[in-house]
file data22.cif (mmCIF, C-alpha atoms)
data_input
loop_
_atom_site.label_atom_id
_atom_site.label_comp_id
_atom_site.auth_asym_id
_atom_site.auth_seq_id
_atom_site.Cartn_x
_atom_site.Cartn_y
_atom_site.Cartn_z
CA MET A 122 0.00 0.00 0.00
CA GLU A 123 1.36 3.36 -0.90
CA LEU A 124 1.91 5.40 2.20
CA ILE A 125 0.67 8.91 2.42
CA SER A 126 2.64 11.54 4.22
CA TYR A 127 1.50 13.06 7.45
CA LYS A 128 2.23 16.31 9.12
CA ILE A 129 2.90 14.49 12.38
CA LYS A 130 5.40 11.74 13.15
CA PRO A 131 4.02 8.29 12.27
CA GLN A 132 5.01 6.86 15.67
CA ASN A 133 2.61 9.32 17.18
CA LEU A 134 -0.36 7.64 15.48
CA ASP A 135 -0.21 4.90 18.12
CA ALA A 136 -0.55 7.55 20.83
CA VAL A 137 -3.42 9.12 18.91
CA PHE A 138 -5.36 5.87 18.67
CA ALA A 139 -4.65 5.04 22.30
CA ALA A 140 -6.02 8.45 23.25
CA LEU A 141 -9.09 8.01 21.06
CA ALA A 142 -9.82 4.56 22.51
CA ASP A 143 -11.42 6.05 25.64
CA PRO A 144 -15.07 7.21 25.46
CA THR A 145 -14.58 10.00 28.02
CA ARG A 146 -11.70 11.40 26.03
CA ARG A 147 -13.80 11.29 22.86
CA GLU A 148 -16.52 13.21 24.72
CA ILE A 149 -13.96 15.77 25.80
CA LEU A 150 -12.85 16.19 22.19
CA SER A 151 -16.46 16.66 21.10
CA ARG A 152 -16.86 19.28 23.82
CA LEU A 153 -13.74 21.08 22.64
CA ALA A 154 -15.03 21.04 19.08
CA THR A 155 -17.48 23.71 20.19
CA GLY A 156 -14.66 25.91 21.45
CA GLU A 157 -11.87 26.09 24.01
CA ALA A 158 -12.69 25.23 27.62
CA SER A 159 -11.03 25.11 31.03
CA VAL A 160 -10.74 21.97 33.18
CA ASN A 161 -13.71 23.16 35.27
CA GLU A 162 -15.86 23.69 32.23
CA ILE A 163 -14.90 20.35 30.75
CA ALA A 164 -15.50 18.47 34.02
CA ALA A 165 -18.97 19.97 34.58
CA PRO A 166 -21.09 17.55 32.48
CA PHE A 167 -19.10 14.49 33.59
CA ASP A 168 -19.43 12.47 36.73
CA ILE A 169 -15.67 12.61 37.27
CA SER A 170 -13.30 14.73 39.31
CA GLN A 171 -11.19 17.56 37.99
CA PRO A 172 -7.95 15.61 38.58
CA ALA A 173 -9.39 12.80 36.46
CA VAL A 174 -10.22 15.27 33.67
CA SER A 175 -6.72 16.72 33.98
CA LYS A 176 -5.31 13.22 33.49
CA HIS A 177 -7.38 12.73 30.33
CA LEU A 178 -6.24 16.11 29.05
CA LYS A 179 -2.62 15.09 29.58
CA VAL A 180 -3.15 11.96 27.44
CA LEU A 181 -4.81 14.03 24.72
CA GLU A 182 -2.06 16.61 24.88
CA ARG A 183 0.69 13.99 24.61
CA ALA A 184 -1.05 12.54 21.55
CA GLY A 185 -1.05 16.01 20.03
CA LEU A 186 -4.85 16.12 19.84
CA ILE A 187 -5.15 19.25 21.95
CA VAL A 188 -3.02 22.17 23.06
CA ARG A 189 -3.31 24.04 26.34
CA ASP A 190 -2.74 27.70 26.79
CA ILE A 191 0.09 28.25 29.25
CA ASP A 192 -0.27 32.01 29.58
CA LYS A 193 -3.73 32.26 30.99
CA GLN A 194 -4.49 31.13 34.50
CA ARG A 195 -7.41 28.92 33.59
CA ARG A 196 -5.28 27.11 31.00
CA PRO A 197 -8.03 26.48 28.47
CA ALA A 198 -7.65 23.45 26.18
CA ARG A 199 -8.11 23.68 22.43
CA LEU A 200 -8.43 21.08 19.67
CA LYS A 201 -5.51 20.57 17.35
CA ALA A 202 -6.69 19.17 14.05
CA ASP A 203 -3.53 17.65 12.53
CA ALA A 204 -3.28 14.54 14.68
CA MET A 205 -6.93 13.66 14.24
CA ALA A 206 -6.72 14.16 10.53
CA ALA A 207 -3.82 11.67 10.46
CA ALA A 208 -5.79 9.11 12.46
CA VAL A 209 -8.74 9.39 10.12
CA SER A 210 -6.64 9.20 6.99
CA TRP A 211 -4.96 6.02 8.25
CA LEU A 212 -8.19 4.05 7.87
CA GLU A 213 -9.32 6.08 4.88
CA GLN A 214 -6.15 4.86 3.25
CA PHE A 215 -7.31 1.23 3.48
CA ARG A 216 -10.77 2.13 2.29
CA GLY A 217 -9.23 4.09 -0.56
CA PHE A 218 -6.99 1.18 -1.49
CA TRP A 219 -9.91 -1.23 -1.78
CA GLN A 220 -12.25 1.20 -3.43
CA SER A 221 -9.80 2.13 -6.16
CA SER A 222 -9.06 -1.57 -6.67
CA PHE A 223 -12.76 -2.38 -6.86
CA ASP A 224 -13.28 0.37 -9.43
CA GLN A 225 -10.64 -1.35 -11.54
CA LEU A 226 -12.36 -4.69 -10.92
CA ASP A 227 -15.67 -3.24 -12.19
CA GLY A 228 -13.97 -2.48 -15.49
CA LEU A 229 -12.36 -5.92 -15.69
CA LEU A 230 -15.69 -7.66 -15.01
CA GLU A 231 -17.39 -5.73 -17.83
CA GLU A 232 -14.60 -6.78 -20.15
CA LEU A 233 -14.88 -10.44 -19.13
CA LYS A 234 -18.67 -10.39 -19.57
CA ARG A 235 -18.29 -8.95 -23.08
CA ALA A 236 -15.72 -11.64 -23.91
CA GLU A 237 -18.06 -14.35 -22.66
CA ALA A 238 -20.99 -12.99 -24.67
CA LYS A 239 -18.85 -12.87 -27.76
CA GLY A 240 -17.71 -16.44 -27.14
CA ARG A 241 -21.33 -17.58 -27.00
CA GLU A 242 -22.19 -15.76 -30.23
CA ASN A 243 -19.42 -17.56 -32.05
CA GLU A 244 -20.57 -21.01 -30.92
CA MET B 251 -12.30 -2.50 25.35
CA ASN B 252 -14.06 -5.83 25.73
CA GLU B 253 -14.74 -6.79 22.18
CA VAL B 254 -12.60 -6.55 19.07
CA PRO B 255 -14.54 -4.75 16.35
CA THR B 256 -14.59 -5.87 12.75
CA TYR B 257 -13.56 -3.79 9.78
CA VAL B 258 -16.24 -4.25 7.12
CA LEU B 259 -16.31 -3.32 3.45
CA GLU B 260 -19.31 -4.06 1.24
CA ARG B 261 -19.72 -3.66 -2.48
CA THR B 262 -22.02 -4.92 -5.22
CA PHE B 263 -20.49 -6.00 -8.51
CA ASN B 264 -22.51 -6.11 -11.71
CA ALA B 265 -21.51 -9.68 -12.56
CA PRO B 266 -22.44 -13.18 -11.28
CA PRO B 267 -20.43 -14.64 -8.34
CA GLU B 268 -18.78 -17.25 -10.62
CA LEU B 269 -17.14 -14.48 -12.63
CA VAL B 270 -16.20 -12.40 -9.58
CA TRP B 271 -14.67 -15.53 -8.04
CA ARG B 272 -12.39 -15.93 -11.05
CA THR B 273 -11.12 -12.34 -10.70
CA TRP B 274 -10.22 -13.02 -7.04
CA THR B 275 -8.50 -16.34 -7.63
CA GLU B 276 -6.81 -16.38 -11.06
CA PRO B 277 -3.35 -14.72 -10.90
CA GLU B 278 -3.52 -12.97 -14.28
CA LEU B 279 -6.94 -11.51 -13.47
CA LEU B 280 -5.98 -10.56 -9.89
CA GLY B 281 -2.95 -8.69 -11.15
CA ARG B 282 -5.19 -6.53 -13.32
CA TRP B 283 -7.28 -4.99 -10.55
CA TYR B 284 -5.62 -5.48 -7.16
CA GLY B 285 -3.59 -2.46 -6.05
CA PRO B 286 -4.63 0.99 -7.26
CA GLY B 287 -2.23 2.57 -9.72
CA ALA B 288 0.34 -0.13 -9.03
CA GLU B 289 1.96 -2.76 -11.16
CA THR B 290 0.87 -5.86 -9.29
CA VAL B 291 3.04 -8.95 -9.68
CA VAL B 292 1.70 -12.26 -8.39
CA HIS B 293 4.76 -14.28 -7.39
CA ARG B 294 2.82 -17.30 -6.24
CA LEU B 295 -0.80 -18.29 -5.95
CA ASP B 296 -1.67 -21.67 -4.56
CA LEU B 297 -5.42 -21.70 -4.14
CA LYS B 298 -6.07 -24.23 -1.39
CA PRO B 299 -6.24 -24.20 2.40
CA GLY B 300 -2.66 -23.66 3.60
CA GLY B 301 -1.63 -22.37 0.15
CA LEU B 302 0.10 -19.01 -0.29
CA TRP B 303 -0.57 -15.97 -2.45
CA LEU B 304 2.55 -13.79 -2.58
CA LEU B 305 2.26 -10.47 -4.32
CA GLU B 306 4.38 -7.45 -4.99
CA MET B 307 2.96 -4.04 -5.78
CA ARG B 308 5.31 -1.68 -7.60
CA TRP B 309 4.98 2.06 -7.67
CA GLY B 310 7.87 3.25 -9.78
CA ASP B 311 11.00 1.97 -8.04
CA LYS B 312 9.20 1.37 -4.73
CA SER B 313 7.72 -2.01 -3.89
CA ASN B 314 5.32 -3.21 -1.26
CA TYR B 315 4.97 -6.91 -0.47
CA GLN B 316 1.99 -8.82 0.86
CA ARG B 317 1.58 -12.39 1.95
CA VAL B 318 -1.72 -14.20 1.98
CA GLU B 319 -2.25 -17.65 3.45
CA TYR B 320 -5.54 -19.22 2.45
CA LEU B 321 -7.52 -20.92 5.21
CA GLU B 322 -10.77 -21.65 3.42
CA VAL B 323 -11.53 -21.88 -0.29
CA THR B 324 -15.19 -22.46 -1.16
CA PRO B 325 -15.98 -21.51 -4.77
CA PRO B 326 -17.76 -19.36 -5.71
CA GLU B 327 -18.86 -17.94 -2.39
CA ARG B 328 -16.25 -17.84 0.36
CA LEU B 329 -12.54 -17.14 0.73
CA VAL B 330 -10.79 -16.87 4.09
CA TRP B 331 -7.14 -15.91 4.44
CA LEU B 332 -4.49 -14.45 6.74
CA HIS B 333 -3.19 -11.15 5.38
CA SER B 334 0.21 -9.64 6.22
CA VAL B 335 2.67 -7.05 5.02
CA THR B 336 6.14 -8.53 4.43
CA ASP B 337 9.69 -7.60 3.46
CA ALA B 338 11.14 -8.60 0.07
CA ALA B 339 11.96 -12.08 1.45
CA TRP B 340 8.29 -12.64 2.45
CA ASN B 341 8.95 -12.35 6.19
CA VAL B 342 5.99 -10.82 8.01
CA ILE B 343 6.82 -7.34 9.32
CA SER B 344 4.91 -4.74 11.28
CA ASN B 345 3.61 -1.75 9.40
CA PRO B 346 6.33 0.90 9.20
CA MET B 347 3.75 3.67 9.46
CA MET B 348 2.07 2.26 12.55
CA PRO B 349 4.04 -0.34 14.54
CA ASP B 350 1.04 -1.42 16.60
CA TRP B 351 -1.23 -2.08 13.61
CA PRO B 352 -2.01 -5.86 13.65
CA ARG B 353 0.62 -7.82 11.73
CA VAL B 354 -1.85 -10.50 10.67
CA LEU B 355 -5.45 -9.79 9.75
CA LEU B 356 -7.97 -12.58 9.31
CA THR B 357 -9.74 -11.66 6.09
CA THR B 358 -13.06 -13.15 5.06
CA VAL B 359 -14.60 -12.48 1.65
CA THR B 360 -18.11 -13.71 0.90
CA LEU B 361 -19.81 -13.44 -2.47
CA GLY B 362 -23.63 -13.63 -2.50
CA ASP B 363 -25.77 -13.97 -5.61
CA GLU B 364 -28.42 -11.27 -5.92
CA ASN B 365 -30.31 -11.54 -9.22
CA GLY B 366 -27.17 -12.14 -11.20
CA GLN B 367 -25.21 -9.48 -9.34
CA THR B 368 -22.67 -10.18 -6.64
CA LYS B 369 -22.92 -8.77 -3.18
CA MET B 370 -19.45 -8.84 -1.69
CA ARG B 371 -18.60 -8.47 1.97
CA LEU B 372 -15.01 -8.24 3.16
CA THR B 373 -14.16 -8.30 6.85
CA TRP B 374 -10.94 -7.92 8.83
CA VAL B 375 -10.23 -8.97 12.39
CA PRO B 376 -6.78 -9.16 14.04
CA HIS B 377 -5.36 -12.69 14.14
CA GLU B 378 -3.42 -13.91 17.19
CA ALA B 379 -2.75 -10.27 17.97
CA SER B 380 -0.96 -8.76 20.96
CA GLU B 381 -2.86 -6.56 23.38
CA ALA B 382 -1.25 -3.48 21.88
CA GLU B 383 -2.28 -4.55 18.37
CA ILE B 384 -5.86 -5.19 19.44
CA ALA B 385 -5.98 -1.85 21.25
CA CYS B 386 -4.67 -0.07 18.17
CA PHE B 387 -7.09 -1.82 15.82
CA SER B 388 -10.07 -1.33 18.16
CA ALA B 389 -9.31 2.33 18.63
CA ALA B 390 -8.99 2.85 14.91
CA ILE B 391 -12.23 1.08 13.98
CA ASP B 392 -14.16 2.26 17.01
CA GLY B 393 -13.06 5.82 16.70
CA MET B 394 -13.74 6.01 13.01
CA ASP B 395 -16.86 3.93 12.51
CA LYS B 396 -19.11 4.28 15.52
CA GLY B 397 -17.58 5.88 18.57
CA TRP B 398 -17.70 9.34 17.10
CA GLY B 399 -21.35 9.84 16.27
CA SER B 400 -21.63 13.58 15.93
CA GLY B 401 -17.85 13.69 16.24
CA MET B 402 -17.61 12.39 12.69
CA LYS B 403 -19.06 15.65 11.39
CA LEU B 404 -16.54 17.51 13.45
CA LEU B 405 -13.72 15.53 11.88
CA GLU B 406 -14.98 16.23 8.38
CA GLN B 407 -15.04 19.88 9.28
CA LEU B 408 -11.52 19.73 10.69
CA LEU B 409 -10.26 17.93 7.63
CA ALA B 410 -11.84 20.52 5.37
CA GLU B 411 -10.20 23.26 7.41
CA LEU B 412 -6.84 21.53 7.23
CA GLN B 413 -7.10 21.12 3.48
CA ALA B 414 -8.12 24.75 3.11
CA SER B 415 -5.16 25.90 5.17
CA GLY B 416 -2.96 23.70 2.98
#

call {"tool": "encode", "arguments": {"input": "data22.cif", "output": "structure tokens"}}
result
Amino acid sequence: MELISYKIKPQNLDAVFAALADPTRREILSRLATGEASVNEIAAPFDISQPAVSKHLKVLERAGLIVRDIDKQRRPARLKADAMAAAVSWLEQFRGFWQSSFDQLDGLLEELKRAEAKGRENE
Amino acid sequence: MNEVPTYVLERTFNAPPELVWRTWTEPELLGRWYGPGAETVVHRLDLKPGGLWLLEMRWGDKSNYQRVEYLEVTPPERLVWLHSVTDAAWNVISNPMMPDWPRVLLTTVTLGDENGQTKMRLTWVPHEASEAEIACFSAAIDGMDKGWGSGMKLLEQLLAELQASG
């Protein structure tokens, strides 16, 4: 399979998928999709403590899925799109491989059917 | 993660299963469609349980090698094989882009007859995989196919933004 190039290091994809494997972290990402938020704001809808949210944020940050503002006191977290785009394109790559192959197969099948029909005519 | 998800691809081909079967099992036909934009060379194809299909895909001067070991061969409806990426000497290797991606994927292809057309279903599940491989595979499938829900729209949006920003 031809490999496509990513803006992030390939080794980091493992960290990205590990981070995405947790439902709470996916919820946090969905929350951040609506805009930046502090730990307090992120923790509010969840039945988990702020330290637990902070831990999740650390995993997301290490995977490069979010960035946190260091200047401001509330340290809001923001989504970073590159890493997620890489994770999505990884699977899209397989889908793309098969779909392009199947498009070629469609053409080959038409050709074989025509050859068969012709063979019958000549009988 | 309790359950390993399955990667599923479905497609309908406008030809009867007998013909589709030939394109999946005859080397000269396989070489003509498998591998987009690549020159696909079938080095070996031994169509029986335990038999090997070794193929090389060439893109210019770069090659990619794959090894398939057939487990089940039931014409014209079912093919089961173990799929791996290999080096040039056909040794199974981990994916250079993602080390924790499963090295061996159990692939099942079924061809169903639907009024002279063929409904194909291809599935992948990790085979004898390590915990890390299963975690990686699960996260990939889960995250992409179902776990996201509304998050999927968000990703499309992010991708569009990324492409726009170049």

call {"tool": "residues_around", "arguments": {"input": "data22.cif", "residues": "A:Lys234", "least_positions_apart": "4", "cutoff": "12 Å", "atoms": "only C-alpha atoms", "output": "ChimeraX atom specification"}}
result
/A:227-230,238-241 /B:264-266,268-270,272-273

call {"tool": "residues_around", "arguments": {"input": "data22.cif", "residues": "B:Trp274", "least_positions_apart": "4", "cutoff": "12 Å", "atoms": "only C-alpha atoms", "output": "PyMOL selection string"}}
result
(chain A and resi 222-223+226+229-230) or (chain B and resi 267-270+278-284+295+297+303+323+325-330+359-361+370)

call {"tool": "resolve_selection", "arguments": {"input": "data22.cif", "expression": "the PyMOL selection byres ((chain A and resi 163) around 12)", "output": "ChimeraX atom specification"}}
result
/A:145-146,148-162,164-175,177-178,195-199

call {"tool": "atom_distance", "arguments": {"input": "data22.cif", "atom1": "atom CA of B:Gln316", "atom2": "atom CA of B:Leu302"}}
result
10.4 Å

call {"tool": "closest_residue", "arguments": {"input": "data22.cif", "among": "A:Ser221, A:Lys176, A:Val137, A:Gln194", "to": "chain B", "atoms": "all atoms listed in the file"}}
result
A:Ser221

call {"tool": "resolve_selection", "arguments": {"input": "data22.cif", "expression": "the PyMOL selection byres ((chain B and resi 375) around 10)", "output": "ChimeraX atom specification"}}
result
/B:254-258,332,352,354-358,373-374,376-379,384,387-388

call {"tool": "atom_distance", "arguments": {"input": "data22.cif", "atom1": "atom CA of A:Gly185", "atom2": "atom CA of A:Lys201"}}
result
6.9 Å

call {"tool": "closest_residue", "arguments": {"input": "data22.cif", "among": "A:Glu237, A:Glu242, A:Glu182, A:Asp135", "to": "chain B", "atoms": "only C-alpha atoms"}}
result
A:Asp135

call {"tool": "atom_distance", "arguments": {"input": "data22.cif", "atom1": "atom CA of B:Ser334", "atom2": "atom CA of B:Arg308"}}
result
16.7 Å

call {"tool": "resolve_selection", "arguments": {"input": "data22.cif", "expression": "the PyMOL selection byres ((chain B and resi 340-344) around 10)", "output": "JSON, numbers by chain"}}
result
{"B": [304, 305, 306, 315, 316, 317, 333, 334, 335, 336, 337, 338, 339, 345, 346, 347, 348, 349, 350, 351, 352, 353, 354]}

call {"tool": "closest_residue", "arguments": {"input": "data22.cif", "among": "B:Val291, B:Ala389, B:Met307, B:Leu259", "to": "chain A", "atoms": "only C-alpha atoms"}}
result
B:Ala389

call {"tool": "decode", "arguments": {"input": "data22.cif", "residues": "stretch 263-381 of chain B", "atoms": "C-alpha atoms", "output": "compact mmCIF listing (two decimals), in the first residue's frame"}}
result
# COMPACT_ATOMS: atom_id res chain seq x y z
CA PHE B 263 -20.49 -6.00 -8.51
CA ASN B 264 -22.51 -6.11 -11.71
CA ALA B 265 -21.51 -9.68 -12.56
CA PRO B 266 -22.44 -13.18 -11.28
CA PRO B 267 -20.43 -14.64 -8.34
CA GLU B 268 -18.78 -17.25 -10.62
CA LEU B 269 -17.14 -14.48 -12.63
CA VAL B 270 -16.20 -12.40 -9.58
CA TRP B 271 -14.67 -15.53 -8.04
CA ARG B 272 -12.39 -15.93 -11.05
CA THR B 273 -11.12 -12.34 -10.70
CA TRP B 274 -10.22 -13.02 -7.04
CA THR B 275 -8.50 -16.34 -7.63
CA GLU B 276 -6.81 -16.38 -11.06
CA PRO B 277 -3.35 -14.72 -10.90
CA GLU B 278 -3.52 -12.97 -14.28
CA LEU B 279 -6.94 -11.51 -13.47
CA LEU B 280 -5.98 -10.56 -9.89
CA GLY B 281 -2.95 -8.69 -11.15
CA ARG B 282 -5.19 -6.53 -13.32
CA TRP B 283 -7.28 -4.99 -10.55
CA TYR B 284 -5.62 -5.48 -7.16
CA GLY B 285 -3.59 -2.46 -6.05
CA PRO B 286 -4.63 0.99 -7.26
CA GLY B 287 -2.23 2.57 -9.72
CA ALA B 288 0.34 -0.13 -9.03
CA GLU B 289 1.96 -2.76 -11.16
CA THR B 290 0.87 -5.86 -9.29
CA VAL B 291 3.04 -8.95 -9.68
CA VAL B 292 1.70 -12.26 -8.39
CA HIS B 293 4.76 -14.28 -7.39
CA ARG B 294 2.82 -17.30 -6.24
CA LEU B 295 -0.80 -18.29 -5.95
CA ASP B 296 -1.67 -21.67 -4.56
CA LEU B 297 -5.42 -21.70 -4.14
CA LYS B 298 -6.07 -24.23 -1.39
CA PRO B 299 -6.24 -24.20 2.40
CA GLY B 300 -2.66 -23.66 3.60
CA GLY B 301 -1.63 -22.37 0.15
CA LEU B 302 0.10 -19.01 -0.29
CA TRP B 303 -0.57 -15.97 -2.45
CA LEU B 304 2.55 -13.79 -2.58
CA LEU B 305 2.26 -10.47 -4.32
CA GLU B 306 4.38 -7.45 -4.99
CA MET B 307 2.96 -4.04 -5.78
CA ARG B 308 5.31 -1.68 -7.60
CA TRP B 309 4.98 2.06 -7.67
CA GLY B 310 7.87 3.25 -9.78
CA ASP B 311 11.00 1.97 -8.04
CA LYS B 312 9.20 1.37 -4.73
CA SER B 313 7.72 -2.01 -3.89
CA ASN B 314 5.32 -3.21 -1.26
CA TYR B 315 4.97 -6.91 -0.47
CA GLN B 316 1.99 -8.82 0.86
CA ARG B 317 1.58 -12.39 1.95
CA VAL B 318 -1.72 -14.20 1.98
CA GLU B 319 -2.25 -17.65 3.45
CA TYR B 320 -5.54 -19.22 2.45
CA LEU B 321 -7.52 -20.92 5.21
CA GLU B 322 -10.77 -21.65 3.42
CA VAL B 323 -11.53 -21.88 -0.29
CA THR B 324 -15.19 -22.46 -1.16
CA PRO B 325 -15.98 -21.51 -4.77
CA PRO B 326 -17.76 -19.36 -5.71
CA GLU B 327 -18.86 -17.94 -2.39
CA ARG B 328 -16.25 -17.84 0.36
CA LEU B 329 -12.54 -17.14 0.73
CA VAL B 330 -10.79 -16.87 4.09
CA TRP B 331 -7.14 -15.91 4.44
CA LEU B 332 -4.49 -14.45 6.74
CA HIS B 333 -3.19 -11.15 5.38
CA SER B 334 0.21 -9.64 6.22
CA VAL B 335 2.67 -7.05 5.02
CA THR B 336 6.14 -8.53 4.43
CA ASP B 337 9.69 -7.60 3.46
CA ALA B 338 11.14 -8.60 0.07
CA ALA B 339 11.96 -12.08 1.45
CA TRP B 340 8.29 -12.64 2.45
CA ASN B 341 8.95 -12.35 6.19
CA VAL B 342 5.99 -10.82 8.01
CA ILE B 343 6.82 -7.34 9.32
CA SER B 344 4.91 -4.74 11.28
CA ASN B 345 3.61 -1.75 9.40
CA PRO B 346 6.33 0.90 9.20
CA MET B 347 3.75 3.67 9.46
CA MET B 348 2.07 2.26 12.55
CA PRO B 349 4.04 -0.34 14.54
CA ASP B 350 1.04 -1.42 16.60
CA TRP B 351 -1.23 -2.08 13.61
CA PRO B 352 -2.01 -5.86 13.65
CA ARG B 353 0.62 -7.82 11.73
CA VAL B 354 -1.85 -10.50 10.67
CA LEU B 355 -5.45 -9.79 9.75
CA LEU B 356 -7.97 -12.58 9.31
CA THR B 357 -9.74 -11.66 6.09
CA THR B 358 -13.06 -13.15 5.06
CA VAL B 359 -14.60 -12.48 1.65
CA THR B 360 -18.11 -13.71 0.90
CA LEU B 361 -19.81 -13.44 -2.47
CA GLY B 362 -23.63 -13.63 -2.50
CA ASP B 363 -25.77 -13.97 -5.61
CA GLU B 364 -28.42 -11.27 -5.92
CA ASN B 365 -30.31 -11.54 -9.22
CA GLY B 366 -27.17 -12.14 -11.20
CA GLN B 367 -25.21 -9.48 -9.34
CA THR B 368 -22.67 -10.18 -6.64
CA LYS B 369 -22.92 -8.77 -3.18
CA MET B 370 -19.45 -8.84 -1.69
CA ARG B 371 -18.60 -8.47 1.97
CA LEU B 372 -15.01 -8.24 3.16
CA THR B 373 -14.16 -8.30 6.85
CA TRP B 374 -10.94 -7.92 8.83
CA VAL B 375 -10.23 -8.97 12.39
CA PRO B 376 -6.78 -9.16 14.04
CA HIS B 377 -5.36 -12.69 14.14
CA GLU B 378 -3.42 -13.91 17.19
CA ALA B 379 -2.75 -10.27 17.97
CA SER B 380 -0.96 -8.76 20.96
CA GLU B 381 -2.86 -6.56 23.38
